[in-house]
Every structure is written in structure tokens, then in C-alpha cells.
Number of protein chains: 2
Amino acid sequence: MGSPLQETVRNRLLASLSSQDFQRLSPHLEAVDLPRAFALSSPNQLSDYSYFIESGIGSIVASVANGQGAEIGIFGREGMSPTAVILNAGSAPYSIFMQVAGNGFRIESVQLSHALSESYLLRTLLTRYVQTVSVQTAFTALANATQHIEERLARWVLMCHDRTDGDTIGLTHDFLSIMLAVRRQSVTTALHVLEGKHLIATERGLVVVRDRKGLEDFAGSTYGEPEREYSRLIGTRISGSEGGNSKAQGLNSAK
Amino acid sequence: MGSPLQETVRNRLLASLSSQDFQRLSPHLEAVDLPRAFALSSPNQLSDYSYFIESGIGSIVASVANGQGAEIGIFGREGMSPTAVILNAGSAPYSIFMQVAGNGFRIESVQLSHALSESYLLRTLLTRYVQTVSVQTAFTALANATQHIEERLARWVLMCHDRTDGDTIGLTHDFLSIMLAVRRQSVTTALHVLEGKHLIATERGLVVVRDRKGLEDFAGSTYGEPEREYSRLIGTRISGSEGGNSKAQGLNSAK
DNA sequence: AACCATCCGTCCGATATCGGACAAAGTGCG
DNA sequence: CGCACTTTGTCCGATATCGGACGGATGGTT
């Protein structure tokens with residue numbers, strides 16, 4: 001559990017810290033494995049730990065009493081969780097869990113809070129990150145209100161692709177249907193449509209991105225704005241590695 | 001333009017400040033009229049001023065290139081705008097404008113930023129407010145994904161009612177249809193359904209709340225959670241005055 | 001009083017999505 | 001190797017919502 005070196009961390013928030021801020025946090029960072037379905041935070045409960053992800057994908061889900069829920073945001077190595085710690089709010093009414101297994105660092109939330117109270121730069125970086133998540137949520141609300149299932153699915157595949165190494169994403173139709181809050185059968189047929197346009201290929205439990213640019217065109221402009229917001233506020237792109245498919249190109253020309 | 005007294009402000013954020021923080025801000029607060037459709041903030045533009053509302057309702061709308069948009073949050077005297085200033089993000093991709101005319105205070109955003117950098121308490125109050133807005137957006141995304149138009153409309157009427165003095169809300173079907181991102185005709189028939197259940201009454205350009213509790217039951221649990229979050233983080237309820245209809249009752253029994 | 005713009009009610013057929021059912025295909029385990 | 005389980009593909013009718021059209025009602029203006 002020796003402190004990590006800033007040069008070797010892949011998490012984009014940690015990597016963007018001033019070296020002073022990094023040194024402030026690093027003694028408290030503890031490398032952890034993040035298996036699929038691992039709960040990073042539970043609804044309306046204090047989170048003892050905050051997580052900076054190095055690989056894998058986390059999912060933020062809001063749900064109501066009857067169990068019906070919908071995903072309101074995702075994050076990979078460009079992000080952290082839970083944002084309630086940054087906002088000094090203690091908890092939030094969301095379930096946050098790993099959707100694709102990975103690893104990362106955890107830090108006691110009280111230590112993070114303490115560091116936040118002492119560093120303006122750290123605060124700025126992380127509150128800006130909070131805004132990128134909020135914008136993601138806002139455009140999810142917009143997509144849910146105005147777009148058809150196929151377009152919402154395309155958007156979602158793009159967001160996962162940005163946070164995946166390579167072009168293969170491991171997901172079942174069932175899981176997708178829960179994230180998008182639609183029927184499983186609707187996911188099946190929507191995937192067929194995307195496949196028919198040669199934008200993706202599918203296998204049991206897998207979605208493979210074939211034509212990223214085509215997916216972006218298909219998804220329309222609910223994809224893109226949150227990503228531009230991330231590059232404006234934090235860095236040039238979300239995607240942390242070069243996939244085979246020139247991810248997130250064109251986002252650097254953000255206004 | 002004499003500085004307001006904290007005892008007389010109706011804005012709940014300003015009223016909740018420590019007297020020290022209030023004195024820090026008050027020399028910079030300027031009373032302003034906020035007519036209908038007044039733009040508090042434009043997409044991706046720096047906002048010279050931030051606004052603390054005393055009466056009326058503001059609306060936060062996300063939209064895409066083709067002009068299609070949807071409301072992602074509203075605020076009245078319990079809130080302020082834009083939250084990007086609090087998060088030190090400069091701008092955000094939203095249109096924020098007055099939906100029901102009112103008045104409030106404006107402050108130069110640089111002054112607010114400066115005060116935020118100096119006061120932990122002020123920062124905490126306002127970042128917590130940001131979380132309440134985020135939760136509102138999240139549950140809007142959930143409602144958009146899972147609920148029918150009638151329920152979404154009921155939720156929206158409730159949120160406006162919380163921010164209105166009295167039980168009468170001035171809104172056209174056309175306007176409602178834009179906020180909910182549905183057709184105008186769908187609003188007409190959905191209002192008829194609510195009227196048929198004696199939850200509301202309508203007149204040309206008006207919606208009158210008749211049975212608030214009934215509306216809450218009808219809207220389901222996408223209404224309530226954001227409101228509980230506000231009372232947990234900021235104060236006991238959103239509604240700033242006693243309407244004739246015991247607004248937001250039962251929310252004080254928050255978990 | 002006449003006019004005009006806005007707002008509201010209602011009808012139509014078309015399409016998107018749902019909810020339920022069931023079979024086929026793939027995968028892992030004993 | 002065969003059985004149980006998960007995942008995917010496909011069918012059905014039912015319902016929600018859309019998009020367009022149009023007429024009537026309302027309210028302000030001259």
C-alpha cells in the first residue's frame with residue numbers, strides 16, 4: 001500500500017492534480033480491486049470511502065420506491081465517486097456501482113474532505129468535475145425525453161466506449177435494458193438496427209464498436225456536449241487510451 | 001441600491017447565511033426586477049451576474065442543435081443561478097430564464113466567486129444547493145425515462161406549486177409542452193385527466209392546484225426525493241410561504 | 001363592435017413502445 | 001456428455017404518444 005506515483009496513475013483527475021495536491025492525497029490512497037457490481041455508494045448513506053477509478057466503468061443510478069430505476073451517469077478513469085463528498089453533502093439518493101470490473105484507489109472521505117478544505121486548486125478541479133457529471137445527467141434527461149431507444153442506445157454505447165480500452169464492451173441486453181429503463185426486447189431490436197447499419201457488431205454478452213463516427217452521427221447531439229464540457233473543464237478528452245477506432249475525435253475542436 | 005437586511009430577504013439561501021457571510025455579500029447585492037423570459041444565463045457563456053431570486057420561477061433548459069430542448073430543473077426563492085459560478089466552471093450548456101416573472105438580487109459573479117474562496121460556510125451552503133439541483137435533474141431524467149406524461153405533468157405542477165405564493169400558476173399548454181418536451185395536445189389531454197380526478201382546475205393560461213396531496217400520490221415517487229434532499233441539506237422545506245393547500249407537508253418527516 | 005392573435009379542444013391515422021409468452025442458442029458445471 | 005441456466009430472437013395484441021389539421025373560444029386592441 002505504498003503511495004502511488006503521480007506519473008504512473010491513469011486516473012485523469014489524480015493525474016491532473018498539482019504535485020502539491022497529489023502529495024496531499026497520495027499517503028491516503030489505497031489501491032483496490034473493483035469487481036463487477038461492487039457498491040461504491042448506497043442511496044442516502046454516508047460513504048466512508050471515495051474512489052478514483054483506474055480502469056472499469058462505474059454507474060450512477062437513481063431509483064424510486066417500486067424499484068424502477070434509470071442510469072443518470074457513468075464514469076471511468078476520468079472520474080471519481082461519490083460527488084456528494086466534493087459538494088460536502090454527505091450522501092446522495094443514488095446507487096453507484098461497478099458496471100464493468102476494474103481497479104482504482106480509495107481514500108477515506110474525511111481525508112478527501114479535509115484536503116478539499118485546504119486547497120483551492122483541488123477544490124476547483126473537483127467541483128469542475130462535478131459539473132461534468134451534472135451536464136451528463138442533464139443531457140441524459142434530455143435524451144430520455146426526446147430520443148428514441150435506438151439513439152439513446154447509441155449514445156450509451158459511445159459513452160461506454162470512451163471509457164473502455166479497445167472496442168469490445170461486455171454487456172448483456174438485460175443489463176442494458178435496466179440502464180436505459182426500457183424492455184429487454186427493445187434493446188435486442190435496437191441493437192439489431194445498429195448492427196444493420198454496420199455501426200456495431202454483437203455477440204452473446206458483447207457489443208463491439210465498428211464505426212464510431214457513424215455511431216456519433218446516429219446518436220445526434222445529445223452525445224458530445226457533456227464530453228466537450230469535460231475537455232473544456234479538465235482536459236482534452238475523456239478517453240484515456242487510443243482505441244482502434246479513433247475515439248472522441250473532433251471533441252478537441254470544442255468551442 | 002442600499003444593501004438589503006438579512007431579516008427582510010425572502011431568498012432562502014441568503015436567509016440561511018451566517019451573518020458574517022451575509023455581510024460579505026450584501027454590499028454587492030443589487031435588487032432587480034425579473035420579468036418573464038428574462039435570461040439569467042445563456043448556453044456556454046460566462047455570466048457576469050449571479051441571481052438570488054426573491055419571487056418568481058426560473059427554469060433551466062438543456063437543448064441540442066436542432067432546437068429541441070427539455071427542462072432539467074427549476075428554482076424559486078429557495079435557489080440561485082447559475083450554479084456554474086459555484087462550481088468555478090465559468091459557464092454551462094444551459095439556458096436559464098424566468099418562467100414566471102418575479103424579482104430578486106443580482107451580484108457580480110466575480111464577487112460571489114471571491115466570497116466563496118474565502119468562506120468555508122458559504123461554500124458548503126452553496127455546494128449543497130448545487131447538489132439539490134443535481135438531484136432534481138437526476139429525478140427528471142428518471143421521470144422522463146419511466147413515467148407517462150400525466151405523471152410527469154403532475155410532478156411538474158407540484159414543483160411549480162412549491163415555488164408559488166398561492167395555488168394559481170400562470171402557464172399555457174404550449175409552454176408546458178416545451179418544458180416537458182411533449183406535444184401541446186398531449187398536455188391538453190393530460191391536464192384534463194388531472195382535472196377529471198379533481199386534482200387541479202384549469203382556465204385559459206392558468207392551472208389551479210385543488211388537491212395537493214392527491215397530486216403527490218398521483219405523481220409517484222419521482223416527486224419528493226429532490227425535495228427531501230433540499231430539506232436535509234438546507235432547510236425544512238422548499239415552499240417559502242403557506243399556500244392554501246398545505247404545501248410540501250409530510251416532507252419534514254424525511255428519513 | 002369588429003378584428004386579430006393566441007390559446008384550447010378534438011379528431012384522424014401512423015408509429016413507438018410495452019407486456020407477455022415461448023423457443024432457440026450458447027455456456028458452464030457436475 | 002448432458003443438464004440447467006442464462007441469454008437472445010421473435011411473435012402477438014394492447015397502449016401511449018406522435019404529427020398534422022382544423023374549428024371554436026377567449027381576450028386584447030382599435
# chains A, B, ... in the order shown; residues from 1 in each chain; ligands from 1

$ closest_atom_pairs --of "chain A" --to "chain D" --cutoff "12 Å" --atoms "only C-alpha atoms (C1' of nucleotides)" --output "JSON lines"
{"residue": "A:Ala145", "atom": "CA", "partner": "D:DT17", "partner_atom": "C1'", "distance": 11.9}
{"residue": "A:Thr146", "atom": "CA", "partner": "D:DC18", "partner_atom": "C1'", "distance": 11.6}
{"residue": "A:His148", "atom": "CA", "partner": "D:DT17", "partner_atom": "C1'", "distance": 11.9}
{"residue": "A:Leu171", "atom": "CA", "partner": "D:DT7", "partner_atom": "C1'", "distance": 10.9}
{"residue": "A:Thr172", "atom": "CA", "partner": "D:DT7", "partner_atom": "C1'", "distance": 7.5}
{"residue": "A:His173", "atom": "CA", "partner": "D:DT7", "partner_atom": "C1'", "distance": 8.1}
{"residue": "A:Asp174", "atom": "CA", "partner": "D:DT7", "partner_atom": "C1'", "distance": 8.4}
{"residue": "A:Phe175", "atom": "CA", "partner": "D:DT7", "partner_atom": "C1'", "distance": 11.0}
{"residue": "A:Arg184", "atom": "CA", "partner": "D:DT8", "partner_atom": "C1'", "distance": 9.8}
{"residue": "A:Gln185", "atom": "CA", "partner": "D:DG9", "partner_atom": "C1'", "distance": 8.8}
{"residue": "A:Ser186", "atom": "CA", "partner": "D:DG9", "partner_atom": "C1'", "distance": 11.5}
{"residue": "A:Val187", "atom": "CA", "partner": "D:DT8", "partner_atom": "C1'", "distance": 10.6}
{"residue": "A:Thr188", "atom": "CA", "partner": "D:DT8", "partner_atom": "C1'", "distance": 7.6}
{"residue": "A:Thr189", "atom": "CA", "partner": "D:DG9", "partner_atom": "C1'", "distance": 9.0}
{"residue": "A:Leu191", "atom": "CA", "partner": "D:DT8", "partner_atom": "C1'", "distance": 11.4}
{"residue": "A:His192", "atom": "CA", "partner": "D:DG9", "partner_atom": "C1'", "distance": 10.4}
{"residue": "A:Thr202", "atom": "CA", "partner": "D:DT8", "partner_atom": "C1'", "distance": 10.9}
{"residue": "A:Glu203", "atom": "CA", "partner": "D:DT8", "partner_atom": "C1'", "distance": 9.5}
{"residue": "A:Arg204", "atom": "CA", "partner": "D:DT7", "partner_atom": "C1'", "distance": 6.8}
{"residue": "A:Gly205", "atom": "CA", "partner": "D:DT7", "partner_atom": "C1'", "distance": 7.7}
{"residue": "A:Leu206", "atom": "CA", "partner": "D:DT7", "partner_atom": "C1'", "distance": 11.1}

$ interface_residues --of "chain C" --to "chain B" --cutoff "9 Å" --atoms "only C-alpha atoms (C1' of nucleotides)" --output "MDAnalysis selection string"
chainID C and resid 7:9

$ residues_around --residues "segment 35-40 of chain A" --least-positions-apart "4" --cutoff "7 Å" --atoms "only C-alpha atoms (C1' of nucleotides)" --output "ChimeraX atom specification"
/A:96-102

$ select_by_dssp --residues "segment 72-167 of chain A" --states "helix (DSSP H, G or I)" --output "VMD selection string"
chain A and resid 83 to 86 109 to 118 120 to 146 149 to 162

$ interface_residues --of "chain A" --to "chain B" --cutoff "9 Å" --atoms "only C-alpha atoms" --output "ChimeraX atom specification"
/A:61-66,68-73,83-84,86-89,92-94,117,120,123-131,134-135,137-146,180-182,220-222,225-226,229,233,255

$ select_by_dssp --residues "segment 144-233 of chain B" --states "strand (DSSP E or B)" --output "list in words"
Thr168, Ile169, Gly170, Ile200, Ala201, Thr202, Glu203, Leu206, Val207, Val208 and Val209 of chain B

$ write_last_selection --atoms "N, CA and C atoms" --output "PDB file, in the first residue's frame"
ATOM      1  N   THR B 168     -52.453  29.257  -7.600  1.00  0.00           N
ATOM      2  CA  THR B 168     -52.682  29.520  -9.020  1.00  0.00           C
ATOM      3  C   THR B 168     -51.365  29.718  -9.754  1.00  0.00           C
ATOM      4  N   ILE B 169     -51.191  28.960 -10.835  1.00  0.00           N
ATOM      5  CA  ILE B 169     -49.950  29.034 -11.599  1.00  0.00           C
ATOM      6  C   ILE B 169     -50.288  29.469 -13.012  1.00  0.00           C
ATOM      7  N   GLY B 170     -49.610  30.483 -13.491  1.00  0.00           N
ATOM      8  CA  GLY B 170     -49.920  31.021 -14.811  1.00  0.00           C
ATOM      9  C   GLY B 170     -49.075  30.391 -15.907  1.00  0.00           C
ATOM     10  N   ILE B 200     -56.666  19.278 -10.004  1.00  0.00           N
ATOM     11  CA  ILE B 200     -56.426  20.663 -10.403  1.00  0.00           C
ATOM     12  C   ILE B 200     -57.689  21.208 -11.065  1.00  0.00           C
ATOM     13  N   ALA B 201     -57.695  22.522 -11.268  1.00  0.00           N
ATOM     14  CA  ALA B 201     -58.679  23.149 -12.144  1.00  0.00           C
ATOM     15  C   ALA B 201     -57.884  23.942 -13.156  1.00  0.00           C
ATOM     16  N   THR B 202     -58.473  24.156 -14.317  1.00  0.00           N
ATOM     17  CA  THR B 202     -57.740  24.929 -15.320  1.00  0.00           C
ATOM     18  C   THR B 202     -58.630  26.010 -15.912  1.00  0.00           C
ATOM     19  N   GLU B 203     -57.962  27.075 -16.311  1.00  0.00           N
ATOM     20  CA  GLU B 203     -58.590  28.111 -17.106  1.00  0.00           C
ATOM     21  C   GLU B 203     -57.570  28.490 -18.162  1.00  0.00           C
ATOM     22  N   LEU B 206     -54.079  29.243 -17.083  1.00  0.00           N
ATOM     23  CA  LEU B 206     -53.924  29.025 -15.648  1.00  0.00           C
ATOM     24  C   LEU B 206     -54.076  27.563 -15.264  1.00  0.00           C
ATOM     25  N   VAL B 207     -53.326  27.193 -14.247  1.00  0.00           N
ATOM     26  CA  VAL B 207     -53.544  25.914 -13.585  1.00  0.00           C
ATOM     27  C   VAL B 207     -53.715  26.218 -12.109  1.00  0.00           C
ATOM     28  N   VAL B 208     -54.770  25.690 -11.506  1.00  0.00           N
ATOM     29  CA  VAL B 208     -55.013  25.918 -10.088  1.00  0.00           C
ATOM     30  C   VAL B 208     -54.929  24.574  -9.355  1.00  0.00           C
ATOM     31  N   VAL B 209     -54.106  24.530  -8.334  1.00  0.00           N
ATOM     32  CA  VAL B 209     -53.967  23.292  -7.561  1.00  0.00           C
ATOM     33  C   VAL B 209     -55.151  23.164  -6.607  1.00  0.00           C
TER      34      VAL B 209
END

$ atom_distance --atom1 "atom CA of Ser119 of chain B" --atom2 "atom CA of Ser81 of chain A"
24.7 Å

$ residues_around --residues "Ser26 of chain A" --least-positions-apart "2" --cutoff "9 Å" --atoms "only C-alpha atoms (C1' of nucleotides)" --output "PyMOL selection string"
chain A and resi 2-6+21-24+28-30+107

$ atom_distance --atom1 "atom C1' of DT6 of chain C" --atom2 "atom CA of Leu176 of chain B"
15.2 Å

$ atom_distance --atom1 "atom C1' of DC22 of chain C" --atom2 "atom CA of Leu194 of chain A"
25.5 Å
